[in-house]
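One file, start-v9.txt, carrying compact mmCIF, C-alpha atoms:
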# COMPACT_ATOMS: atom_id res chain seq x y z
CA MET A 942 -93.09 95.93 132.47
CA LYS A 943 -90.76 96.14 135.45
CA GLU A 944 -92.00 98.43 138.22
CA GLU A 945 -88.50 99.85 138.73
CA PHE A 946 -88.52 101.50 135.32
CA HIS A 947 -90.36 104.82 135.06
CA TYR A 948 -91.02 106.05 131.54
CA CYS A 949 -93.51 108.01 129.53
CA GLU A 950 -95.39 106.66 126.55
CA ALA A 951 -96.36 109.28 124.00
CA SER A 952 -96.86 109.89 120.31
CA VAL A 953 -95.67 112.62 118.00
CA LYS A 954 -96.82 113.63 114.56
CA LEU A 955 -93.95 113.47 112.09
CA ASP A 956 -94.97 114.71 108.66
CA GLU A 957 -98.55 113.40 108.48
CA TYR A 958 -98.16 110.27 110.61
CA SER A 959 -98.25 109.52 114.32
CA ILE A 960 -95.24 107.71 115.77
CA ASN A 961 -95.57 106.02 119.15
CA TYR A 962 -92.58 106.00 121.49
CA TYR A 963 -91.38 105.27 125.02
CA TYR A 964 -89.00 107.69 126.69
CA ARG A 965 -87.05 108.14 129.89
CA LYS A 966 -85.05 111.28 130.50
CA GLY A 967 -81.59 110.47 131.82
CA LEU A 968 -79.32 112.41 134.11
CA GLY A 969 -76.62 112.83 131.45
CA GLU A 970 -76.43 113.96 127.84
CA GLU A 971 -76.16 110.52 126.22
CA ALA A 972 -79.11 108.43 125.08
CA ILE A 973 -79.55 104.77 124.25
CA VAL A 974 -82.02 104.46 121.39
CA PHE A 975 -83.59 101.21 120.25
CA LEU A 976 -84.66 100.12 116.77
CA HIS A 977 -86.93 97.09 117.04
CA GLY A 978 -87.47 94.18 114.71
CA TYR A 979 -90.15 92.53 112.59
CA PRO A 980 -93.03 91.90 113.11
CA THR A 981 -93.14 93.14 116.69
CA SER A 982 -92.67 96.58 118.30
CA SER A 983 -90.48 98.62 120.61
CA LEU A 984 -91.86 96.59 123.52
CA ASP A 985 -89.36 93.90 122.48
CA TYR A 986 -86.96 95.71 124.79
CA GLN A 987 -89.22 96.31 127.78
CA ASN A 988 -87.51 93.60 129.86
CA ILE A 989 -84.12 95.35 129.74
CA TRP A 990 -84.99 99.03 130.08
CA TYR A 991 -84.86 98.88 133.86
CA LEU A 992 -81.30 97.50 133.69
CA ILE A 993 -79.95 100.66 132.02
CA PRO A 994 -78.23 103.18 134.35
CA ASP A 995 -80.10 106.41 135.08
CA LYS A 996 -77.43 108.54 133.44
CA TYR A 997 -78.74 107.50 130.02
CA SER A 998 -81.92 108.68 128.39
CA ILE A 999 -83.84 105.87 126.71
CA VAL A 1000 -85.84 106.16 123.49
CA ALA A 1001 -87.71 103.29 121.86
CA HIS A 1002 -90.28 103.93 119.15
CA ASP A 1003 -92.56 101.83 116.97
CA HIS A 1004 -91.55 102.07 113.32
CA LEU A 1005 -94.24 103.35 111.00
CA GLY A 1006 -96.52 100.38 110.29
CA PHE A 1007 -95.70 98.66 113.59
CA GLY A 1008 -97.05 98.62 117.14
CA LYS A 1009 -99.10 101.68 118.05
CA SER A 1010 -97.70 103.90 115.31
CA ASP A 1011 -99.81 104.72 112.27
CA LYS A 1012 -100.17 102.06 109.58
CA PRO A 1013 -101.12 103.86 106.37
CA LEU A 1014 -102.57 101.54 103.74
CA GLN A 1015 -101.20 103.19 100.62
CA TYR A 1016 -97.61 103.53 101.72
CA ASN A 1017 -94.34 102.17 100.38
CA TYR A 1018 -92.67 101.05 103.62
CA GLN A 1019 -89.04 101.85 102.90
CA LEU A 1020 -86.28 101.23 105.43
CA ILE A 1021 -84.68 104.49 104.32
CA THR A 1022 -87.82 106.36 105.34
CA GLN A 1023 -87.90 104.51 108.67
CA ALA A 1024 -84.45 106.00 109.31
CA ASP A 1025 -85.86 109.45 108.50
CA TYR A 1026 -88.60 109.05 111.12
CA ALA A 1027 -86.18 107.80 113.76
CA LEU A 1028 -83.88 110.79 113.26
CA LYS A 1029 -86.80 113.23 113.25
CA LEU A 1030 -88.00 111.80 116.57
CA TYR A 1031 -84.56 112.20 118.16
CA LYS A 1032 -84.53 115.81 117.00
CA VAL A 1033 -87.96 116.46 118.56
CA LEU A 1034 -86.76 114.96 121.85
CA GLY A 1035 -83.53 116.97 121.79
CA ILE A 1036 -81.38 113.83 121.64
CA LYS A 1037 -77.91 114.65 120.30
CA LYS A 1038 -75.51 112.00 121.65
CA VAL A 1039 -76.66 108.55 120.67
CA HIS A 1040 -75.80 104.93 121.34
CA LEU A 1041 -77.83 102.98 118.78
CA VAL A 1042 -79.12 99.47 119.55
CA ALA A 1043 -80.80 97.61 116.69
CA HIS A 1044 -82.34 94.17 116.25
CA ASP A 1045 -83.60 92.28 113.18
CA TYR A 1046 -85.45 94.74 110.84
CA GLY A 1047 -83.97 97.58 112.86
CA THR A 1048 -80.42 96.66 111.87
CA SER A 1049 -81.07 97.80 108.29
CA VAL A 1050 -82.47 101.07 109.59
CA ALA A 1051 -79.23 101.31 111.59
CA THR A 1052 -77.01 100.70 108.55
CA GLU A 1053 -78.83 103.47 106.69
CA ILE A 1054 -78.07 105.79 109.63
CA ILE A 1055 -74.44 104.64 109.62
CA ALA A 1056 -74.22 105.41 105.88
CA ARG A 1057 -75.41 108.95 106.60
CA ASP A 1058 -72.89 109.27 109.41
CA ASN A 1059 -70.13 108.20 107.00
CA SER A 1060 -71.12 111.00 104.64
CA SER A 1061 -71.44 113.57 107.49
CA GLU A 1062 -75.19 114.03 106.98
CA LEU A 1063 -76.28 113.41 110.56
CA LYS A 1064 -77.29 116.16 112.99
CA ILE A 1065 -76.61 113.86 115.94
CA ASP A 1066 -73.37 112.56 117.41
CA LEU A 1067 -73.49 108.80 116.84
CA LEU A 1068 -71.28 107.33 119.56
CA SER A 1069 -71.69 103.58 119.08
CA VAL A 1070 -73.87 100.97 117.40
CA THR A 1071 -74.98 97.55 118.65
CA LEU A 1072 -76.28 95.15 115.99
CA SER A 1073 -78.23 92.09 117.08
CA ASN A 1074 -79.55 89.19 114.99
CA GLY A 1075 -80.49 91.04 111.84
CA SER A 1076 -80.21 89.49 108.38
CA MET A 1077 -78.34 92.43 106.88
CA LEU A 1078 -76.20 89.82 105.12
CA ILE A 1079 -79.33 88.74 103.30
CA ASP A 1080 -77.48 86.19 101.16
CA MET A 1081 -76.83 84.18 104.35
CA ALA A 1082 -80.37 84.42 105.79
CA ARG A 1083 -82.50 81.32 106.25
CA LEU A 1084 -85.88 82.91 105.70
CA ARG A 1085 -88.97 81.18 107.07
CA PRO A 1086 -91.63 79.98 104.59
CA ILE A 1087 -94.15 82.48 105.98
CA GLN A 1088 -91.75 85.35 105.19
CA HIS A 1089 -91.52 84.28 101.54
CA LEU A 1090 -95.32 84.00 101.33
CA LEU A 1091 -95.99 87.33 103.02
CA LYS A 1092 -93.64 89.37 100.85
CA ASN A 1093 -95.15 87.95 97.65
CA LYS A 1094 -97.63 90.39 96.09
CA ILE A 1095 -100.08 87.57 95.29
CA THR A 1096 -99.86 85.31 98.33
CA GLY A 1097 -99.04 88.03 100.89
CA PRO A 1098 -102.54 89.49 101.33
CA ILE A 1099 -104.07 85.99 101.48
CA VAL A 1100 -101.63 84.69 104.09
CA SER A 1101 -101.97 87.87 106.17
CA ARG A 1102 -105.75 87.60 106.13
CA LEU A 1103 -105.70 83.93 107.16
CA THR A 1104 -103.04 84.23 109.85
CA ASN A 1105 -104.45 84.06 113.37
CA SER A 1106 -103.14 84.13 116.92
CA TRP A 1107 -102.36 80.40 116.91
CA VAL A 1108 -100.26 80.67 113.74
CA PHE A 1109 -98.46 83.72 115.12
CA HIS A 1110 -97.55 81.98 118.37
CA ARG A 1111 -96.46 78.81 116.60
CA ASN A 1112 -94.09 80.72 114.31
CA MET A 1113 -92.73 82.93 117.08
CA LYS A 1114 -92.19 80.09 119.55
CA ASN A 1115 -90.15 78.25 116.93
CA LEU A 1116 -87.65 81.11 117.12
CA TRP A 1117 -86.95 80.47 120.82
CA PHE A 1118 -84.09 78.16 121.77
CA ASP A 1119 -85.58 77.32 125.16
CA LYS A 1120 -89.30 76.94 124.47
CA ARG A 1121 -89.98 76.98 128.22
CA LEU A 1122 -89.01 80.67 128.27
CA TYR A 1123 -91.60 81.64 125.68
CA ASP A 1124 -93.87 84.19 127.36
CA LYS A 1125 -97.22 83.70 125.67
CA ASP A 1126 -98.86 86.63 127.46
CA GLN A 1127 -96.12 89.04 126.40
CA MET A 1128 -96.17 87.76 122.84
CA GLN A 1129 -99.97 87.95 122.76
CA GLU A 1130 -99.55 91.67 123.35
CA HIS A 1131 -97.33 91.80 120.27
CA TRP A 1132 -99.95 89.91 118.26
CA GLU A 1133 -102.66 92.37 119.25
CA LEU A 1134 -100.40 95.30 118.34
CA LEU A 1135 -99.54 93.63 115.04
CA ILE A 1136 -103.15 93.38 113.86
CA ALA A 1137 -104.35 96.72 115.28
CA LYS A 1138 -104.92 99.73 113.01
CA ASN A 1139 -104.95 97.99 109.60
CA GLY A 1140 -102.08 95.73 110.67
CA ARG A 1141 -103.14 92.74 108.59
CA LYS A 1142 -103.47 94.85 105.46
CA VAL A 1143 -100.04 96.49 105.69
CA LEU A 1144 -98.10 93.39 106.79
CA PRO A 1145 -97.34 92.18 103.22
CA ARG A 1146 -96.04 95.63 102.27
CA ILE A 1147 -93.83 95.73 105.36
CA THR A 1148 -92.48 92.24 104.72
CA ARG A 1149 -91.04 93.39 101.40
CA TYR A 1150 -88.24 94.98 103.43
CA ILE A 1151 -86.46 91.71 102.63
CA ASP A 1152 -86.24 92.76 98.97
CA GLN A 1153 -84.88 96.15 100.03
CA ARG A 1154 -81.97 94.41 101.71
CA TYR A 1155 -80.98 93.02 98.34
CA ALA A 1156 -81.55 96.32 96.53
CA HIS A 1157 -79.44 98.38 98.96
CA TYR A 1158 -76.92 95.68 99.89
CA ASP A 1159 -73.84 97.48 98.58
CA LYS A 1160 -74.78 100.76 100.27
CA TRP A 1161 -75.66 99.30 103.67
CA ILE A 1162 -72.99 96.63 103.97
CA GLY A 1163 -70.55 99.10 102.45
CA ALA A 1164 -71.43 101.51 105.27
CA LEU A 1165 -70.35 98.89 107.79
CA THR A 1166 -67.03 98.30 106.06
CA ASN A 1167 -66.32 102.05 105.91
CA THR A 1168 -67.40 103.19 109.36
CA HIS A 1169 -64.94 103.81 112.17
CA LEU A 1170 -67.68 103.84 114.81
CA PRO A 1171 -67.42 101.33 117.65
CA ILE A 1172 -69.64 98.45 116.51
CA HIS A 1173 -70.79 95.79 118.96
CA ILE A 1174 -72.03 92.60 117.32
CA LEU A 1175 -74.35 91.01 119.88
CA TRP A 1176 -75.65 87.73 118.51
CA ALA A 1177 -77.80 84.88 119.79
CA GLU A 1178 -76.06 81.65 118.86
CA ASN A 1179 -79.13 79.58 118.00
CA ASP A 1180 -81.02 81.91 115.66
CA LEU A 1181 -82.71 79.89 112.91
CA VAL A 1182 -82.97 82.87 110.52
CA ALA A 1183 -80.08 85.27 111.21
CA VAL A 1184 -77.61 82.44 111.73
CA VAL A 1185 -74.58 82.88 113.97
CA GLU A 1186 -72.22 82.71 111.00
CA MET A 1187 -73.46 86.20 110.13
CA ALA A 1188 -71.86 87.51 113.31
CA ASP A 1189 -68.53 86.01 112.28
CA ARG A 1190 -68.71 87.63 108.86
CA LEU A 1191 -69.77 90.99 110.28
CA LYS A 1192 -66.78 90.89 112.61
CA LEU A 1193 -64.49 90.36 109.61
CA ILE A 1194 -65.85 93.25 107.54
CA THR A 1195 -66.08 95.91 110.26
CA ASN A 1196 -63.09 98.01 111.33
CA SER A 1197 -63.73 98.73 115.01
CA SER A 1198 -65.98 95.95 116.20
CA THR A 1199 -66.35 93.64 119.15
CA LYS A 1200 -68.39 90.44 119.15
CA THR A 1201 -70.43 88.78 121.88
CA ILE A 1202 -72.19 85.48 121.29
CA ILE A 1203 -75.13 84.62 123.55
CA LYS A 1204 -75.21 80.88 124.14
CA ASN A 1205 -78.39 78.80 124.14
CA CYS A 1206 -80.56 81.61 122.83
CA GLY A 1207 -82.84 82.15 119.85
CA HIS A 1208 -83.76 85.10 117.65
CA PHE A 1209 -85.08 87.44 120.40
CA PRO A 1210 -82.26 87.59 122.98
CA MET A 1211 -83.72 90.67 124.69
CA ILE A 1212 -86.84 88.64 125.50
CA GLU A 1213 -85.46 85.13 125.95
CA GLN A 1214 -82.37 86.20 127.91
CA PRO A 1215 -82.93 89.88 128.81
CA LYS A 1216 -79.89 90.16 131.10
CA ASN A 1217 -77.65 89.03 128.23
CA GLY A 1218 -79.47 90.52 125.26
Final structure tokens representation of the file:
Amino acid sequence: MKEEFHYCEASVKLDEYSINYYYRKGLGEEAIVFLHGYPTSSLDYQNIWYLIPDKYSIVAHDHLGFGKSDKPLQYNYQLITQADYALKLYKVLGIKKVHLVAHDYGTSVATEIIARDNSSELKIDLLSVTLSNGSMLIDMARLRPIQHLLKNKITGPIVSRLTNSWVFHRNMKNLWFDKRLYDKDQMQEHWELLIAKNGRKVLPRITRYIDQRYAHYDKWIGALTNTHLPIHILWAENDLVAVVEMADRLKLITNSSTKTIIKNCGHFPMIEQPKNG
């Protein structure tokens, strides 16, 4: 974590579960809020927080089942519910004017929030949305073998139980374009957060978010085609899973979008190239 960035880490009980979050109070009314990806945590963005001007508040939380948030065993980890928890947290923190930044898993949480904005259900003023390397266009995704195994009800618990630190690092490093930039210490922190608090046991349930992208495809992709929000498509060019062609298609289907392609970068631009991602 950069010394220049001063934040508080806290947790809040929403319904019956504890949600961990990082927060910096800004000088102005607007906030930049982050929705992290799978299977990591809100610390994905720790390398860029210090780059954000002081006028913005910053909120980054661990989705239920991730990081330091609770990981209930008997829980149906729905992306729609993850949106509920995000919005409840913003309400607790008094955040009303929001720039939403989402990566990977978080992009589907973002499209659920956009759908609610389209139907005037939100209690916040959603000012803009940045979508980064998320397989919302699930028909175009090149899923990794371990993702298929983990989301399967039979093989998922077995694979999760057998997965160790070495396997985690091997799979994560493969997602980097420049392997020399892979920060093993930082990613080891993500591994330890992943397995903490029943993490192995809930991982197969969480991984079934992939199936939810198929089930809610029309609603979530439809939300993108109908929104008039400013959408920024920020995409790493060399992603092996959320391929760059997704960015091109997203640009075509959105009304008010801009597109930035990050060259020579893999799936985690905010870690591999923090000043660009």
### Query
Could you pull the residues within 12 Å of His1131 of chain A, counting only C-alpha atoms, minus those fewer than 3 positions along the same chain, as a PyMOL selection string?
chain A and resi 978-987+1003+1007-1009+1106+1109-1110+1113+1124-1128+1134-1137+1140
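As for atom CA of Pro994 of chain A and atom CA of His977 of chain A, they are spaced 20.3 Å apart.
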### Query
Counting all atoms listed in the file, which of A:His947, A:Lys1012, A:Lys966, A:Arg1057 gets nearest to Ser998 of chain A?
A:Lys966
### Message
Could you list, as a PyMOL selection string, every residue within 8 Å of Arg1146 of chain A, counting only C-alpha atoms and ignoring same-chain residues fewer than 2 positions away?
### Response
chain A and resi 1017-1018+1092+1143-1144+1148-1150
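Considering all atoms listed in the file, the residue among A:His1208, A:His1040, A:His1002, A:Lys1138 positioned nearest to Asp1066 of chain A is A:His1040.
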### Non-local contacts of Thr1022 of chain A (12 Å; all atoms listed in the file; under 4 positions in same chain excluded) as an MDAnalysis selection string
chainID A and resid 955:956 1004:1006 1016:1018 1026:1029 1049:1051 1053:1054 1150 1153
### Summary
atom CA of Asn1074 of chain A sits from atom CA of Ser1198 of chain A at a separation of 15.2 Å
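The residue that comes closest to Asn1115 of chain A, out of A:Leu1014, A:Ala951, A:Ala972, A:Cys1206 and on the basis of all atoms listed in the file, is A:Cys1206.
In this comparison, which uses only C-alpha atoms, the residue of A:Ser1069, A:Trp1132, A:Asn1167, A:Asp1180 approaching Arg1083 of chain A most closely is A:Asp1180.
Residues lying within 12 Å of Leu1084 of chain A, counting all atoms listed in the file and ignoring same-chain neighbours fewer than 6 positions away, are Gly1075, Ser1076, Leu1078, Leu1090, Leu1091, Lys1092, Leu1116, Thr1148, Ile1151, Asp1152, Asp1180, Leu1181, Val1182, Ala1183 and Val1184 of chain A.
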Which centre and edge lengths in Å to one decimal define the box along x, y and z that fits every listed atom of segment 1105-1111 of chain A plus 6 Å per side, as JSON?
{"center_x": -100.5, "center_y": 81.5, "center_z": 115.9, "size_x": 20.0, "size_y": 17.3, "size_z": 17.0}
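What separates atom CA of Asp1080 of chain A from atom CA of Thr1195 of chain A is a distance of 17.5 Å.
In this comparison, which uses all atoms listed in the file, the residue of A:Leu1170, A:Ile1162, A:Leu1103, A:Ile1079 approaching Val1039 of chain A most closely is A:Leu1170.
Counting all atoms listed in the file, the residue from A:Tyr1123, A:Trp1117, A:Tyr963, A:Trp990 that sits nearest to Cys949 of chain A is A:Tyr963.
Taking only C-alpha atoms into account, the polymer residues that have an atom no farther than 7 Å from (-76.4, 110.7, 127.9) are Gly967, Gly969, Glu970, Glu971, Ala972, Lys996, Tyr997, Ser998 and Lys1038 of chain A.
Shown here are all protein and nucleic acid residues lying within 9 Å of (-64.7, 105.0, 118.8), with all atoms listed in the file considered: Leu1068, Ser1069, His1169, Leu1170, Pro1171, Ile1172 and Ser1197 of chain A.
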